[in-house]
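Accompanying notes for the structure given below.
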Amino acid sequence: MDSDTFKFSNAVVLAPLVAVLSIWIVFWAEVQFGINLNDYGVYPRKLSGLKGVLFSPFIHGSITHLYNNTIPLAVLTAFLFYFYQSAALRILLFGTLASGLLTWAIARPSYHIGASGVIYLLASFIFFKGIFAKHYRLVALSLIVVFIYGSMIWYIFPVKDGISWEGHLAGFATGLALALVTKVRIPEVRKYDWEREDFNEANDPFLKHFDEDGNFIETTTEESEQKIEIKYHYKKSSDD
């Protein structure tokens, strides 16, 4: 097993903290200075709308919108940096850019803002990568993600007005694509000797104590007697 796999690091705390603080600070600045940054969102198929690929994940339309994205963003980012340390940063950066570009390409003419595309990216990548890896811990993580955030799948479809389902769909598709092409370090599952394909029962010291019917065979060991030779050394006393 790789010694660096599934180990806690500062990034597991710092990455979610930076992500959450960044979206809250931007929202605080909008409220504090009375500005509206929605124009920095993704506006599809316009060159001016490409700036939203970089800025849109930090912009939110309301406190409710911000709050709904905060906890999933923190949890999923922590999962990513704990279980996929070797690929976490590039998944987050490249995935955010790719999902933003895909939103720009397919979305309706409107400003698309919010970190929900990144959330769908993370949820999709963590789920599918765990299934593809077939490692029991990563599969368990995939099931946890489904249990907590499985209901989000409905919002990649136009089921509710006022949400960027195209951004959700773009994040989901990008996460699936990255799960397919990204190589990550997967620890080997520890196997006992009897689980290995080249295991030979005849050479196993424990099984040698049993016959073909499973009866215990008592074995005796011949102990060689060692002769103990005692040598005496006499020293004349000075009184003699």
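Residues in the structure tokens are numbered from 1 in each chain, the chains being A, B, ... in the order shown, and ligands are numbered from 1 in the order shown.
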Who sits within 7 Å of Tyr84 of chain A, only C-alpha atoms, same chain under 4 positions skipped, as a ChimeraX atom specification = /A:80,88,184
inquiry  = Show me, as a VMD selection string, the residues that have an atom within 12 Å of Ala170 of chain A when counting only C-alpha atoms, minus same-chain residues fewer than 5 positions from it.
reply    = chain A and resid 53 95 to 107 112 116 to 122 124 155 to 157 164 to 165 175 to 177
For the selection just defined, write its residues with N, CA and C atoms to a file, as a CSV table (one decimal), in the first residue's frame.
```csv
chain,number,residue,atom,x,y,z
A,53,VAL,N,-16.3,31.7,-16.7
A,53,VAL,CA,-15.7,30.4,-16.5
A,53,VAL,C,-14.8,30.5,-15.3
A,95,GLY,N,-11.3,20.6,-13.7
A,95,GLY,CA,-12.7,20.3,-13.8
A,95,GLY,C,-13.6,21.6,-13.8
A,96,THR,N,-13.2,22.5,-12.9
A,96,THR,CA,-13.9,23.8,-12.9
A,96,THR,C,-13.9,24.5,-14.2
A,97,LEU,N,-12.7,24.6,-14.8
A,97,LEU,CA,-12.6,25.3,-16.1
A,97,LEU,C,-13.4,24.5,-17.2
A,98,ALA,N,-13.3,23.2,-17.2
A,98,ALA,CA,-14.0,22.4,-18.3
A,98,ALA,C,-15.5,22.5,-18.1
A,99,SER,N,-16.0,22.4,-16.9
A,99,SER,CA,-17.4,22.5,-16.7
A,99,SER,C,-17.9,23.9,-17.0
A,100,GLY,N,-17.1,24.9,-16.7
A,100,GLY,CA,-17.5,26.3,-17.1
A,100,GLY,C,-17.6,26.5,-18.6
A,101,LEU,N,-16.6,25.9,-19.3
A,101,LEU,CA,-16.6,26.0,-20.8
A,101,LEU,C,-17.8,25.2,-21.4
A,102,LEU,N,-18.1,24.1,-20.8
A,102,LEU,CA,-19.2,23.3,-21.3
A,102,LEU,C,-20.6,24.0,-21.0
A,103,THR,N,-20.7,24.7,-19.9
A,103,THR,CA,-21.8,25.5,-19.6
A,103,THR,C,-22.0,26.6,-20.6
A,104,TRP,N,-20.8,27.3,-20.9
A,104,TRP,CA,-20.8,28.3,-21.9
A,104,TRP,C,-21.3,27.9,-23.3
A,105,ALA,N,-21.0,26.6,-23.6
A,105,ALA,CA,-21.3,26.0,-24.9
A,105,ALA,C,-22.8,25.6,-25.0
A,106,ILE,N,-23.4,25.1,-23.9
A,106,ILE,CA,-24.7,24.5,-24.1
A,106,ILE,C,-25.8,25.2,-23.4
A,107,ALA,N,-25.5,26.2,-22.5
A,107,ALA,CA,-26.6,26.8,-21.7
A,107,ALA,C,-27.5,27.8,-22.4
A,112,HIS,N,-25.1,32.6,-15.8
A,112,HIS,CA,-25.1,31.4,-14.9
A,112,HIS,C,-24.0,31.6,-13.8
A,116,SER,N,-22.5,25.6,-7.7
A,116,SER,CA,-23.2,24.3,-7.8
A,116,SER,C,-22.6,23.4,-9.0
A,117,GLY,N,-22.1,24.1,-10.0
A,117,GLY,CA,-21.4,23.3,-11.1
A,117,GLY,C,-20.2,22.6,-10.5
A,118,VAL,N,-19.5,23.2,-9.7
A,118,VAL,CA,-18.3,22.6,-9.0
A,118,VAL,C,-18.7,21.5,-8.1
A,119,ILE,N,-19.8,21.7,-7.4
A,119,ILE,CA,-20.4,20.6,-6.5
A,119,ILE,C,-20.8,19.4,-7.3
A,120,TYR,N,-21.4,19.6,-8.4
A,120,TYR,CA,-21.8,18.4,-9.3
A,120,TYR,C,-20.6,17.8,-9.9
A,121,LEU,N,-19.6,18.6,-10.2
A,121,LEU,CA,-18.3,18.0,-10.7
A,121,LEU,C,-17.7,17.1,-9.6
A,122,LEU,N,-17.6,17.6,-8.4
A,122,LEU,CA,-17.0,16.8,-7.3
A,122,LEU,C,-17.8,15.5,-7.0
A,124,SER,N,-19.9,13.9,-8.9
A,124,SER,CA,-19.8,13.0,-10.0
A,124,SER,C,-18.5,12.2,-10.1
A,155,TYR,N,-31.6,17.6,-10.6
A,155,TYR,CA,-31.4,18.9,-11.0
A,155,TYR,C,-30.4,19.1,-12.2
A,156,ILE,N,-30.0,18.0,-12.8
A,156,ILE,CA,-29.3,18.1,-14.1
A,156,ILE,C,-30.3,18.2,-15.2
A,157,PHE,N,-31.6,18.1,-14.9
A,157,PHE,CA,-32.7,18.2,-15.8
A,157,PHE,C,-33.5,19.5,-15.5
A,164,SER,N,-29.7,26.9,-12.8
A,164,SER,CA,-28.9,26.6,-14.0
A,164,SER,C,-28.7,25.1,-14.1
A,165,TRP,N,-29.7,24.4,-14.6
A,165,TRP,CA,-29.5,22.9,-14.8
A,165,TRP,C,-28.4,22.6,-15.8
A,175,GLY,N,-17.3,15.6,-14.4
A,175,GLY,CA,-16.8,14.7,-13.3
A,175,GLY,C,-16.7,13.3,-13.8
A,176,LEU,N,-17.7,12.9,-14.6
A,176,LEU,CA,-17.7,11.5,-15.2
A,176,LEU,C,-16.5,11.3,-16.1
A,177,ALA,N,-16.3,12.3,-17.0
A,177,ALA,CA,-15.2,12.2,-17.9
A,177,ALA,C,-13.8,12.2,-17.2
```
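Checking A:Lys231, A:Ala11, A:Val139, A:Ala123 one by one against Ser151 of chain A, counting only C-alpha atoms, you find the shortest gap at A:Ala123.
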key: alpha helix (DSSP H) residues, from DSSP on the backbone, in segment 28-226 of chain A, as a PyMOL selection string   = chain A and resi 28-33+52-55+63-83+88-106+116-133+136-149+165-181
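Shortest separation to His168 of chain A among A:Ile126, A:Val20, A:Leu138, A:Ile113 occurs at residue A:Ile113, atoms counted being only C-alpha atoms.
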key: Test item: residues at most 8 Å from segment 26-42 of chain A, only C-alpha atoms, excluding those fewer than 3 positions along its chain, as number ranges by chain   = A: 22-23, 49-53, 55-56, 58-61, 100, 103-104, 110-113
Would you output that residue set with N, CA and C atoms, as a tab-separated table (two decimals), in the first residue's frame?
```tsv
chain	number	residue	atom	x	y	z
A	22	SER	N	-13.86	31.83	0.19
A	22	SER	CA	-13.84	32.62	-1.03
A	22	SER	C	-15.24	32.99	-1.49
A	23	ILE	N	-16.19	32.05	-1.42
A	23	ILE	CA	-17.54	32.39	-1.88
A	23	ILE	C	-18.26	33.30	-0.89
A	49	GLY	N	-18.82	36.54	-22.18
A	49	GLY	CA	-19.33	35.60	-21.17
A	49	GLY	C	-18.32	34.57	-20.73
A	50	LEU	N	-17.15	34.51	-21.40
A	50	LEU	CA	-16.13	33.53	-21.02
A	50	LEU	C	-15.47	33.86	-19.69
A	51	LYS	N	-15.53	35.13	-19.30
A	51	LYS	CA	-14.92	35.48	-18.00
A	51	LYS	C	-15.63	34.76	-16.86
A	52	GLY	N	-16.87	34.36	-17.09
A	52	GLY	CA	-17.61	33.63	-16.07
A	52	GLY	C	-17.06	32.24	-15.80
A	53	VAL	N	-16.30	31.70	-16.74
A	53	VAL	CA	-15.67	30.39	-16.51
A	53	VAL	C	-14.77	30.45	-15.28
A	55	PHE	N	-14.92	33.21	-12.92
A	55	PHE	CA	-15.49	33.95	-11.79
A	55	PHE	C	-16.85	33.43	-11.30
A	56	SER	N	-17.58	32.76	-12.15
A	56	SER	CA	-18.96	32.39	-11.78
A	56	SER	C	-19.07	31.51	-10.52
A	58	PHE	N	-17.74	31.79	-7.77
A	58	PHE	CA	-17.62	32.59	-6.56
A	58	PHE	C	-18.83	33.51	-6.34
A	59	ILE	N	-19.72	33.57	-7.31
A	59	ILE	CA	-20.83	34.55	-7.28
A	59	ILE	C	-22.15	33.83	-7.00
A	60	HIS	N	-22.92	34.38	-6.07
A	60	HIS	CA	-24.22	33.79	-5.71
A	60	HIS	C	-25.28	34.88	-5.65
A	61	GLY	N	-26.48	34.47	-6.03
A	61	GLY	CA	-27.55	35.45	-6.16
A	61	GLY	C	-28.25	35.82	-4.86
A	100	GLY	N	-17.13	24.90	-16.74
A	100	GLY	CA	-17.51	26.26	-17.10
A	100	GLY	C	-17.59	26.46	-18.60
A	103	THR	N	-20.66	24.67	-19.90
A	103	THR	CA	-21.84	25.50	-19.62
A	103	THR	C	-21.96	26.63	-20.63
A	104	TRP	N	-20.84	27.26	-20.92
A	104	TRP	CA	-20.82	28.35	-21.91
A	104	TRP	C	-21.29	27.86	-23.28
A	110	SER	N	-28.31	33.44	-20.63
A	110	SER	CA	-28.55	34.05	-19.33
A	110	SER	C	-27.25	33.99	-18.56
A	111	TYR	N	-27.16	34.75	-17.49
A	111	TYR	CA	-25.96	34.69	-16.65
A	111	TYR	C	-26.08	33.50	-15.70
A	112	HIS	N	-25.09	32.62	-15.75
A	112	HIS	CA	-25.08	31.41	-14.93
A	112	HIS	C	-24.02	31.60	-13.85
A	113	ILE	N	-24.46	31.58	-12.60
A	113	ILE	CA	-23.56	31.84	-11.47
A	113	ILE	C	-23.72	30.75	-10.42
```
query = What does the distance from atom CA of Glu166 of chain A to atom CA of Gly150 of chain A come to in Å, to one decimal?
reply =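 Atom CA of Gly150 of chain A lies at a distance of 17.7 Å from atom CA of Glu166 of chain A.
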message = Taking 2 positions as the minimum chain separation for residues in the same chain, which residues sit within 12 Å of Thr70 of chain A when counting only C-alpha atoms? Answer as a ChimeraX atom specification.
response = /A:16-24,57-58,60,63-68,72-77,114-116,118-119
Please produce a file of those selected residues containing N, CA and C atoms, as a compact mmCIF listing (two decimals), in the first residue's frame.
```
# COMPACT_ATOMS: atom_id res chain seq x y z
N PRO A 16 -11.12 22.91 1.71
CA PRO A 16 -12.52 23.28 1.92
C PRO A 16 -12.66 24.66 2.57
N LEU A 17 -11.74 24.99 3.47
CA LEU A 17 -11.80 26.29 4.14
C LEU A 17 -11.62 27.43 3.14
N VAL A 18 -10.63 27.30 2.27
CA VAL A 18 -10.40 28.33 1.26
C VAL A 18 -11.58 28.44 0.31
N ALA A 19 -12.14 27.30 -0.09
CA ALA A 19 -13.28 27.30 -1.01
C ALA A 19 -14.48 28.01 -0.40
N VAL A 20 -14.78 27.68 0.85
CA VAL A 20 -15.95 28.27 1.51
C VAL A 20 -15.73 29.76 1.79
N LEU A 21 -14.55 30.10 2.29
CA LEU A 21 -14.26 31.51 2.57
C LEU A 21 -14.33 32.37 1.31
N SER A 22 -13.86 31.83 0.19
CA SER A 22 -13.84 32.62 -1.03
C SER A 22 -15.24 32.99 -1.49
N ILE A 23 -16.19 32.05 -1.42
CA ILE A 23 -17.54 32.39 -1.88
C ILE A 23 -18.26 33.30 -0.89
N TRP A 24 -17.96 33.14 0.41
CA TRP A 24 -18.59 34.01 1.41
C TRP A 24 -18.01 35.43 1.37
N PRO A 57 -18.12 30.58 -10.26
CA PRO A 57 -18.28 29.75 -9.05
C PRO A 57 -18.25 30.55 -7.74
N PHE A 58 -17.74 31.79 -7.77
CA PHE A 58 -17.62 32.59 -6.56
C PHE A 58 -18.83 33.51 -6.34
N HIS A 60 -22.92 34.38 -6.07
CA HIS A 60 -24.22 33.79 -5.71
C HIS A 60 -25.28 34.88 -5.65
N ILE A 63 -28.52 34.79 -0.23
CA ILE A 63 -27.94 34.10 0.92
C ILE A 63 -28.38 32.64 0.95
N THR A 64 -29.60 32.37 0.47
CA THR A 64 -30.08 30.99 0.41
C THR A 64 -29.26 30.19 -0.59
N HIS A 65 -29.03 30.80 -1.74
CA HIS A 65 -28.20 30.16 -2.78
C HIS A 65 -26.80 29.87 -2.22
N LEU A 66 -26.24 30.82 -1.52
CA LEU A 66 -24.91 30.67 -0.95
C LEU A 66 -24.88 29.58 0.11
N TYR A 67 -25.86 29.58 0.99
CA TYR A 67 -25.90 28.60 2.07
C TYR A 67 -26.07 27.17 1.53
N ASN A 68 -26.93 27.02 0.52
CA ASN A 68 -27.17 25.69 -0.05
C ASN A 68 -25.92 25.10 -0.70
N PRO A 72 -22.22 21.36 0.95
CA PRO A 72 -21.76 20.36 -0.03
C PRO A 72 -20.37 20.66 -0.57
N LEU A 73 -20.07 21.94 -0.80
CA LEU A 73 -18.75 22.29 -1.31
C LEU A 73 -17.66 21.92 -0.31
N ALA A 74 -17.89 22.19 0.97
CA ALA A 74 -16.89 21.86 2.00
C ALA A 74 -16.72 20.36 2.14
N VAL A 75 -17.81 19.63 2.21
CA VAL A 75 -17.75 18.18 2.42
C VAL A 75 -17.08 17.48 1.24
N LEU A 76 -17.52 17.78 0.04
CA LEU A 76 -17.00 17.10 -1.14
C LEU A 76 -15.55 17.47 -1.42
N THR A 77 -15.17 18.71 -1.14
CA THR A 77 -13.77 19.10 -1.31
C THR A 77 -12.88 18.36 -0.32
N GLY A 114 -22.75 30.70 -9.51
CA GLY A 114 -22.84 29.79 -8.36
C GLY A 114 -21.84 28.65 -8.43
N ALA A 115 -21.57 28.07 -7.25
CA ALA A 115 -20.61 26.98 -7.13
C ALA A 115 -21.26 25.62 -7.33
N SER A 116 -22.53 25.59 -7.71
CA SER A 116 -23.21 24.30 -7.84
C SER A 116 -22.61 23.45 -8.95
N VAL A 118 -19.46 23.23 -9.65
CA VAL A 118 -18.29 22.59 -9.02
C VAL A 118 -18.75 21.46 -8.10
N ILE A 119 -19.83 21.65 -7.41
CA ILE A 119 -20.37 20.62 -6.51
C ILE A 119 -20.76 19.38 -7.31
```
task = To one decimal in Å, tell me the separation between atom CA of Tyr149 of chain A and atom CA of Phe127 of chain A.
result =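 Result for atom CA of Tyr149 of chain A versus atom CA of Phe127 of chain A: 10.4 Å, one decimal.
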Which residues, written as an mmCIF file with N, CA, C and O atoms, in the first residue's frame, have at least one atom at most 9 Å from Leu180 of chain A, with only C-alpha atoms counted and residues fewer than 6 positions away on the same chain left out?
```cif
data_model
loop_
_atom_site.group_PDB
_atom_site.id
_atom_site.type_symbol
_atom_site.label_atom_id
_atom_site.label_comp_id
_atom_site.auth_asym_id
_atom_site.auth_seq_id
_atom_site.Cartn_x
_atom_site.Cartn_y
_atom_site.Cartn_z
ATOM 1 N N PHE A 125 -17.369 13.006 -9.913
ATOM 2 C CA PHE A 125 -16.041 12.390 -9.957
ATOM 3 C C PHE A 125 -15.859 11.390 -8.822
ATOM 4 O O PHE A 125 -15.394 10.260 -9.043
ATOM 5 N N PHE A 128 -18.150 8.145 -9.446
ATOM 6 C CA PHE A 128 -17.758 7.266 -10.538
ATOM 7 C C PHE A 128 -16.339 6.726 -10.366
ATOM 8 O O PHE A 128 -16.073 5.557 -10.693
ATOM 9 N N LYS A 129 -15.433 7.529 -9.834
ATOM 10 C CA LYS A 129 -14.068 7.042 -9.649
ATOM 11 C C LYS A 129 -14.027 5.919 -8.628
ATOM 12 O O LYS A 129 -13.279 4.946 -8.786
ATOM 13 N N PHE A 132 -15.306 2.804 -10.446
ATOM 14 C CA PHE A 132 -14.332 2.303 -11.413
ATOM 15 C C PHE A 132 -13.114 1.690 -10.723
ATOM 16 O O PHE A 132 -12.536 0.719 -11.215
#
```
